[in-house]
$ cat upload14.cif   # mmCIF, C-alpha atoms; chains and numbers go by the auth columns
data_run
loop_
_atom_site.group_PDB
_atom_site.id
_atom_site.type_symbol
_atom_site.label_atom_id
_atom_site.label_comp_id
_atom_site.label_asym_id
_atom_site.label_seq_id
_atom_site.Cartn_x
_atom_site.Cartn_y
_atom_site.Cartn_z
_atom_site.B_iso_or_equiv
_atom_site.auth_seq_id
_atom_site.auth_asym_id
ATOM 1 C CA MET A 1 -7.751 27.814 -34.361 0.00 227 L
ATOM 2 C CA ARG A 2 -10.643 26.222 -36.231 0.00 228 L
ATOM 3 C CA ASP A 3 -8.220 24.575 -38.722 0.00 229 L
ATOM 4 C CA GLU A 4 -6.364 22.806 -35.900 0.00 230 L
ATOM 5 C CA ALA A 5 -9.616 21.432 -34.512 0.00 231 L
ATOM 6 C CA ASP A 6 -10.764 20.315 -37.947 0.00 232 L
ATOM 7 C CA ASN A 7 -7.524 18.373 -38.435 0.00 233 L
ATOM 8 C CA PHE A 8 -7.454 16.754 -35.002 0.00 234 L
ATOM 9 C CA GLU A 9 -7.596 12.951 -35.045 0.00 235 L
ATOM 10 C CA LEU A 10 -8.073 11.202 -31.716 0.00 236 L
ATOM 11 C CA GLU A 11 -6.479 8.042 -33.099 0.00 237 L
ATOM 12 C CA ARG A 12 -3.260 10.024 -33.661 0.00 238 L
ATOM 13 C CA ALA A 13 -3.085 11.289 -30.058 0.00 239 L
ATOM 14 C CA ILE A 14 -0.508 9.466 -27.933 0.00 240 L
ATOM 15 C CA GLY A 15 -2.710 9.807 -24.839 0.00 241 L
ATOM 16 C CA PHE A 16 -5.445 7.865 -26.614 0.00 242 L
ATOM 17 C CA TYR A 17 -3.153 4.869 -27.091 0.00 243 L
ATOM 18 C CA VAL A 18 -1.485 5.149 -23.699 0.00 244 L
ATOM 19 C CA ASN A 19 -4.904 5.104 -22.026 0.00 245 L
ATOM 20 C CA ARG A 20 -6.249 2.343 -24.247 0.00 246 L
ATOM 21 C CA THR A 21 -3.150 0.184 -23.735 0.00 247 L
ATOM 22 C CA ALA A 22 -3.173 0.728 -19.966 0.00 248 L
ATOM 23 C CA TYR A 23 -6.850 -0.231 -19.858 0.00 249 L
ATOM 24 C CA VAL A 24 -6.570 -3.460 -21.862 0.00 250 L
ATOM 25 C CA MET A 25 -3.382 -4.490 -20.064 0.00 251 L
ATOM 26 C CA SER A 26 -4.950 -3.834 -16.639 0.00 252 L
ATOM 27 C CA GLU A 27 -8.053 -5.808 -17.575 0.00 253 L
ATOM 28 C CA GLU A 28 -6.008 -8.725 -18.919 0.00 254 L
ATOM 29 C CA VAL A 29 -3.679 -8.878 -15.928 0.00 255 L
ATOM 30 C CA ALA A 30 -6.668 -8.825 -13.541 0.00 256 L
ATOM 31 C CA LYS A 31 -8.160 -11.748 -15.500 0.00 257 L
ATOM 32 C CA ARG A 32 -4.886 -13.639 -15.220 0.00 258 L
ATOM 33 C CA PHE A 33 -4.707 -12.900 -11.495 0.00 259 L
ATOM 34 C CA LEU A 34 -8.231 -14.293 -11.130 0.00 260 L
ATOM 35 C CA ASP A 35 -7.265 -17.380 -13.146 0.00 261 L
ATOM 36 C CA SER A 36 -4.399 -17.891 -10.688 0.00 262 L
ATOM 37 C CA GLY A 37 -6.765 -17.632 -7.702 0.00 263 L
ATOM 38 C CA HIS A 38 -6.429 -13.956 -6.777 0.00 264 L
ATOM 39 C CA LYS A 39 -9.251 -11.444 -7.266 0.00 265 L
ATOM 40 C CA LEU A 40 -6.995 -8.403 -7.536 0.00 266 L
ATOM 41 C CA SER A 41 -6.548 -5.451 -9.863 0.00 267 L
ATOM 42 C CA ALA A 42 -3.348 -4.280 -11.504 0.00 268 L
ATOM 43 C CA GLN A 43 -3.433 -1.369 -9.047 0.00 269 L
ATOM 44 C CA ASP A 44 -3.636 -3.800 -6.119 0.00 270 L
ATOM 45 C CA PHE A 45 -0.612 -5.610 -7.490 0.00 271 L
ATOM 46 C CA GLY A 46 1.221 -2.282 -7.776 0.00 272 L
ATOM 47 C CA ILE A 47 0.655 -1.647 -4.076 0.00 273 L
ATOM 48 C CA LEU A 48 1.712 -5.169 -3.109 0.00 274 L
ATOM 49 C CA PHE A 49 4.817 -4.923 -5.285 0.00 275 L
ATOM 50 C CA ARG A 50 5.818 -1.562 -3.757 0.00 276 L
ATOM 51 C CA LEU A 51 5.491 -3.134 -0.300 0.00 277 L
ATOM 52 C CA TRP A 52 7.470 -6.173 -1.488 0.00 278 L
ATOM 53 C CA LYS A 53 10.288 -3.815 -2.438 0.00 279 L
ATOM 54 C CA GLN A 54 9.972 -1.602 0.655 0.00 280 L
ATOM 55 C CA ASP A 55 7.742 -2.922 3.400 0.00 281 L
ATOM 56 C CA GLY A 56 6.402 -0.455 5.948 0.00 282 L
ATOM 57 C CA LEU A 57 5.541 2.440 3.652 0.00 283 L
ATOM 58 C CA SER A 58 3.043 5.028 4.795 0.00 284 L
ATOM 59 C CA GLN A 59 -0.250 5.523 2.979 0.00 285 L
ATOM 60 C CA VAL A 60 1.012 8.890 1.713 0.00 286 L
ATOM 61 C CA GLN A 61 4.170 7.285 0.321 0.00 287 L
ATOM 62 C CA ILE A 62 2.127 4.609 -1.436 0.00 288 L
ATOM 63 C CA ALA A 63 -0.210 7.233 -2.908 0.00 289 L
ATOM 64 C CA ARG A 64 2.778 9.206 -4.200 0.00 290 L
ATOM 65 C CA LEU A 65 4.480 6.127 -5.685 0.00 291 L
ATOM 66 C CA MET A 66 1.253 4.967 -7.323 0.00 292 L
ATOM 67 C CA MET A 67 0.376 8.506 -8.478 0.00 293 L
ATOM 68 C CA ARG A 68 -3.101 8.181 -6.975 0.00 294 L
ATOM 69 C CA ASP A 69 -5.082 10.281 -4.527 0.00 295 L
ATOM 70 C CA LYS A 70 -5.234 9.284 -0.863 0.00 296 L
ATOM 71 C CA THR A 71 -8.941 8.374 -1.037 0.00 297 L
ATOM 72 C CA THR A 72 -8.375 5.860 -3.834 0.00 298 L
ATOM 73 C CA ILE A 73 -5.393 4.366 -2.011 0.00 299 L
ATOM 74 C CA THR A 74 -7.390 4.117 1.221 0.00 300 L
ATOM 75 C CA ARG A 75 -10.082 2.087 -0.568 0.00 301 L
ATOM 76 C CA ARG A 76 -7.487 -0.189 -2.168 0.00 302 L
ATOM 77 C CA LEU A 77 -5.671 -0.663 1.153 0.00 303 L
ATOM 78 C CA ASP A 78 -8.953 -1.460 2.931 0.00 304 L
ATOM 79 C CA ALA A 79 -9.686 -4.135 0.318 0.00 305 L
ATOM 80 C CA LEU A 80 -6.193 -5.621 0.688 0.00 306 L
ATOM 81 C CA VAL A 81 -6.554 -5.649 4.494 0.00 307 L
ATOM 82 C CA ASN A 82 -9.895 -7.464 4.115 0.00 308 L
ATOM 83 C CA LYS A 83 -8.138 -10.073 1.960 0.00 309 L
ATOM 84 C CA SER A 84 -5.451 -10.467 4.667 0.00 310 L
ATOM 85 C CA LEU A 85 -2.711 -9.471 2.207 0.00 311 L
ATOM 86 C CA ILE A 86 -1.558 -6.388 4.113 0.00 312 L
ATOM 87 C CA GLU A 87 -1.889 -4.953 7.585 0.00 313 L
ATOM 88 C CA ARG A 88 -1.735 -1.500 9.077 0.00 314 L
ATOM 89 C CA ARG A 89 0.566 -1.021 12.049 0.00 315 L
ATOM 90 C CA ILE A 90 0.899 2.100 14.154 0.00 316 L
ATOM 91 C CA ASP A 91 4.097 3.992 13.333 0.00 317 L
ATOM 92 C CA SER A 92 6.454 3.504 16.285 0.00 318 L
ATOM 93 C CA SER A 93 7.858 7.032 15.985 0.00 319 L
ATOM 94 C CA ASP A 94 4.514 8.803 15.492 0.00 320 L
ATOM 95 C CA ARG A 95 1.399 7.072 16.769 0.00 321 L
ATOM 96 C CA ARG A 96 -0.842 9.293 14.598 0.00 322 L
ATOM 97 C CA PHE A 97 0.279 7.408 11.488 0.00 323 L
ATOM 98 C CA PHE A 98 0.167 3.863 10.188 0.00 324 L
ATOM 99 C CA ARG A 99 2.756 1.899 8.291 0.00 325 L
ATOM 100 C CA ILE A 100 1.549 -0.625 5.755 0.00 326 L
ATOM 101 C CA HIS A 101 3.075 -4.104 5.805 0.00 327 L
ATOM 102 C CA LEU A 102 2.657 -7.242 3.747 0.00 328 L
ATOM 103 C CA THR A 103 1.310 -10.186 5.684 0.00 329 L
ATOM 104 C CA LYS A 104 2.904 -13.589 5.187 0.00 330 L
ATOM 105 C CA GLU A 105 -0.009 -14.426 2.870 0.00 331 L
ATOM 106 C CA GLY A 106 0.499 -11.114 1.049 0.00 332 L
ATOM 107 C CA ALA A 107 4.182 -11.817 0.480 0.00 333 L
ATOM 108 C CA LEU A 108 3.416 -15.275 -0.924 0.00 334 L
ATOM 109 C CA ALA A 109 0.684 -13.880 -3.179 0.00 335 L
ATOM 110 C CA THR A 110 2.960 -11.086 -4.422 0.00 336 L
ATOM 111 C CA LYS A 111 5.663 -13.582 -5.297 0.00 337 L
ATOM 112 C CA ARG A 112 3.167 -15.681 -7.306 0.00 338 L
ATOM 113 C CA LEU A 113 1.693 -12.605 -9.001 0.00 339 L
ATOM 114 C CA MET A 114 5.136 -11.374 -10.040 0.00 340 L
ATOM 115 C CA VAL A 115 5.472 -14.560 -12.101 0.00 341 L
ATOM 116 C CA VAL A 116 2.065 -13.897 -13.720 0.00 342 L
ATOM 117 C CA VAL A 117 3.013 -10.294 -14.557 0.00 343 L
ATOM 118 C CA ASP A 118 6.462 -11.278 -15.815 0.00 344 L
ATOM 119 C CA GLN A 119 4.962 -13.935 -18.120 0.00 345 L
ATOM 120 C CA PHE A 120 2.357 -11.461 -19.395 0.00 346 L
ATOM 121 C CA GLN A 121 5.031 -8.822 -20.070 0.00 347 L
ATOM 122 C CA LYS A 122 7.138 -11.323 -22.009 0.00 348 L
ATOM 123 C CA GLU A 123 4.108 -12.410 -24.001 0.00 349 L
ATOM 124 C CA VAL A 124 2.940 -8.927 -25.035 0.00 350 L
ATOM 125 C CA LEU A 125 6.465 -7.732 -25.810 0.00 351 L
ATOM 126 C CA ALA A 126 7.646 -10.873 -27.634 0.00 352 L
ATOM 127 C CA GLU A 127 7.366 -9.338 -31.097 0.00 353 L
ATOM 128 C CA ILE A 128 8.602 -5.873 -30.170 0.00 354 L
ATOM 129 C CA PRO A 129 12.373 -5.409 -30.531 0.00 355 L
ATOM 130 C CA ASP A 130 14.280 -4.401 -27.383 0.00 356 L
ATOM 131 C CA GLU A 131 15.277 -1.070 -28.959 0.00 357 L
ATOM 132 C CA HIS A 132 11.625 -0.167 -29.560 0.00 358 L
ATOM 133 C CA GLN A 133 10.758 -1.090 -25.985 0.00 359 L
ATOM 134 C CA GLU A 134 13.543 1.135 -24.658 0.00 360 L
ATOM 135 C CA ILE A 135 12.513 4.048 -26.886 0.00 361 L
ATOM 136 C CA THR A 136 8.866 3.700 -25.831 0.00 362 L
ATOM 137 C CA ILE A 137 9.704 3.609 -22.121 0.00 363 L
ATOM 138 C CA SER A 138 12.091 6.555 -22.503 0.00 364 L
ATOM 139 C CA ALA A 139 9.495 8.620 -24.373 0.00 365 L
ATOM 140 C CA LEU A 140 6.757 7.840 -21.834 0.00 366 L
ATOM 141 C CA LYS A 141 9.071 8.777 -18.944 0.00 367 L
ATOM 142 C CA LYS A 142 9.878 12.097 -20.624 0.00 368 L
ATOM 143 C CA ILE A 143 6.190 12.845 -21.186 0.00 369 L
ATOM 144 C CA THR A 144 5.414 12.029 -17.538 0.00 370 L
ATOM 145 C CA GLU A 145 8.308 14.153 -16.269 0.00 371 L
ATOM 146 C CA TYR A 146 7.279 17.060 -18.494 0.00 372 L
ATOM 147 C CA ILE A 147 3.694 17.004 -17.243 0.00 373 L
ATOM 148 C CA ILE A 148 4.765 16.756 -13.590 0.00 374 L
ATOM 149 C CA ARG A 149 7.274 19.593 -14.046 0.00 375 L
ATOM 150 C CA SER A 150 4.736 21.837 -15.769 0.00 376 L
ATOM 151 C CA ARG A 151 2.261 21.443 -12.879 0.00 377 L
ATOM 152 C CA THR A 152 4.517 23.400 -10.532 0.00 378 L
#

$ encode --input "upload14.cif" --output "structure tokens"
Amino acid sequence: MRDEADNFELERAIGFYVNRTAYVMSEEVAKRFLDSGHKLSAQDFGILFRLWKQDGLSQVQIARLMMRDKTTITRRLDALVNKSLIERRIDSSDRRFFRIHLTKEGALATKRLMVVVDQFQKEVLAEIPDEHQEITISALKKITEYIIRSRT
């Protein structure tokens, strides 16, 4: 057991690079959003994009899709409501719940931000061959699926 610990190198751990890459990409995309007039995080964009694809999701559905806890999502939704990008509407079939909807302003912002994200993606991936991109995405999906499966 001691030998394994002695040989461990953090810089060789995939989680180290996944976390580091996610951090620098999130920071850079937030900077680009700000440069385009929107003080939003990558996580905010993720919520807006999910609503762009399927408006009227519940908070629980958004939390599940974003793989975040309900408290974090509540804070993010509150901030997006305050920026008039989304609104909460009472669920017509169950008045105890809300459905989250993009506002007109939110839809316009999401459309503009998709261009920013698309340009950023193209820029960071420009020198990485398509096959490597596909392998990376496939490997990361398998790791995610394995971890989720092993939790149950």

$ residues_around --input "upload14.cif" --residues "Asp281 (chain L)" --least-positions-apart "4" --cutoff "12 Å" --atoms "all atoms listed in the file" --output "list in words"
Ile273, Leu274, Phe275, Arg276, Leu277, Gln285, Gln287, Ile288, Ile312, Glu313, Arg314, Arg315, Arg325, Ile326, His327, Leu328, Thr329, Lys330, Gly332 and Ala333 of chain L

$ residues_around --input "upload14.cif" --residues "region 250-262 of chain L" --least-positions-apart "3" --cutoff "12 Å" --atoms "all atoms listed in the file" --output "CSV table (one decimal) with C-alpha atoms, in the coordinates of the input"
chain,number,residue,atom,x,y,z
L,243,TYR,CA,-3.2,4.9,-27.1
L,244,VAL,CA,-1.5,5.1,-23.7
L,245,ASN,CA,-4.9,5.1,-22.0
L,246,ARG,CA,-6.2,2.3,-24.2
L,247,THR,CA,-3.2,0.2,-23.7
L,265,LYS,CA,-9.3,-11.4,-7.3
L,266,LEU,CA,-7.0,-8.4,-7.5
L,267,SER,CA,-6.5,-5.5,-9.9
L,268,ALA,CA,-3.3,-4.3,-11.5
L,269,GLN,CA,-3.4,-1.4,-9.0
L,270,ASP,CA,-3.6,-3.8,-6.1
L,271,PHE,CA,-0.6,-5.6,-7.5
L,272,GLY,CA,1.2,-2.3,-7.8
L,335,ALA,CA,0.7,-13.9,-3.2
L,336,THR,CA,3.0,-11.1,-4.4
L,338,ARG,CA,3.2,-15.7,-7.3
L,339,LEU,CA,1.7,-12.6,-9.0
L,340,MET,CA,5.1,-11.4,-10.0
L,341,VAL,CA,5.5,-14.6,-12.1
L,342,VAL,CA,2.1,-13.9,-13.7
L,343,VAL,CA,3.0,-10.3,-14.6
L,344,ASP,CA,6.5,-11.3,-15.8
L,345,GLN,CA,5.0,-13.9,-18.1
L,346,PHE,CA,2.4,-11.5,-19.4
L,347,GLN,CA,5.0,-8.8,-20.1
L,349,GLU,CA,4.1,-12.4,-24.0
L,350,VAL,CA,2.9,-8.9,-25.0
L,351,LEU,CA,6.5,-7.7,-25.8

$ atom_distance --input "upload14.cif" --atom1 "CA of Asn308 (chain L)" --atom2 "CA of Lys279 (chain L)"
21.5 Å

$ atom_distance --input "upload14.cif" --atom1 "CA of Glu331 (chain L)" --atom2 "CA of Leu283 (chain L)"
17.8 Å

$ atom_distance --input "upload14.cif" --atom1 "CA of Ile361 (chain L)" --atom2 "CA of Thr378 (chain L)"
26.6 Å

$ residues_around --input "upload14.cif" --residues "Thr362 (chain L)" --least-positions-apart "6" --cutoff "12 Å" --atoms "all atoms listed in the file" --output "PDB file with C-alpha atoms, in the frame of the given file"
ATOM      1  CA  ILE L 240      -0.508   9.466 -27.933  1.00  0.00           C
ATOM      2  CA  VAL L 244      -1.485   5.149 -23.699  1.00  0.00           C
ATOM      3  CA  LEU L 351       6.465  -7.732 -25.810  1.00  0.00           C
ATOM      4  CA  ILE L 354       8.602  -5.873 -30.170  1.00  0.00           C
ATOM      5  CA  PRO L 355      12.373  -5.409 -30.531  1.00  0.00           C
ATOM      6  CA  ASP L 356      14.280  -4.401 -27.383  1.00  0.00           C
ATOM      7  CA  LYS L 368       9.878  12.097 -20.624  1.00  0.00           C
ATOM      8  CA  ILE L 369       6.190  12.845 -21.186  1.00  0.00           C
TER       9      ILE L 369
END

$ axis_aligned_box --input "upload14.cif" --around "region 263-277 of chain L" --padding-each-side "4 Å" --output "AutoDock Vina command-line options"
--center_x -1.7 --center_y -9.5 --center_z -5.9 --size_x 23.1 --size_y 24.3 --size_z 19.2
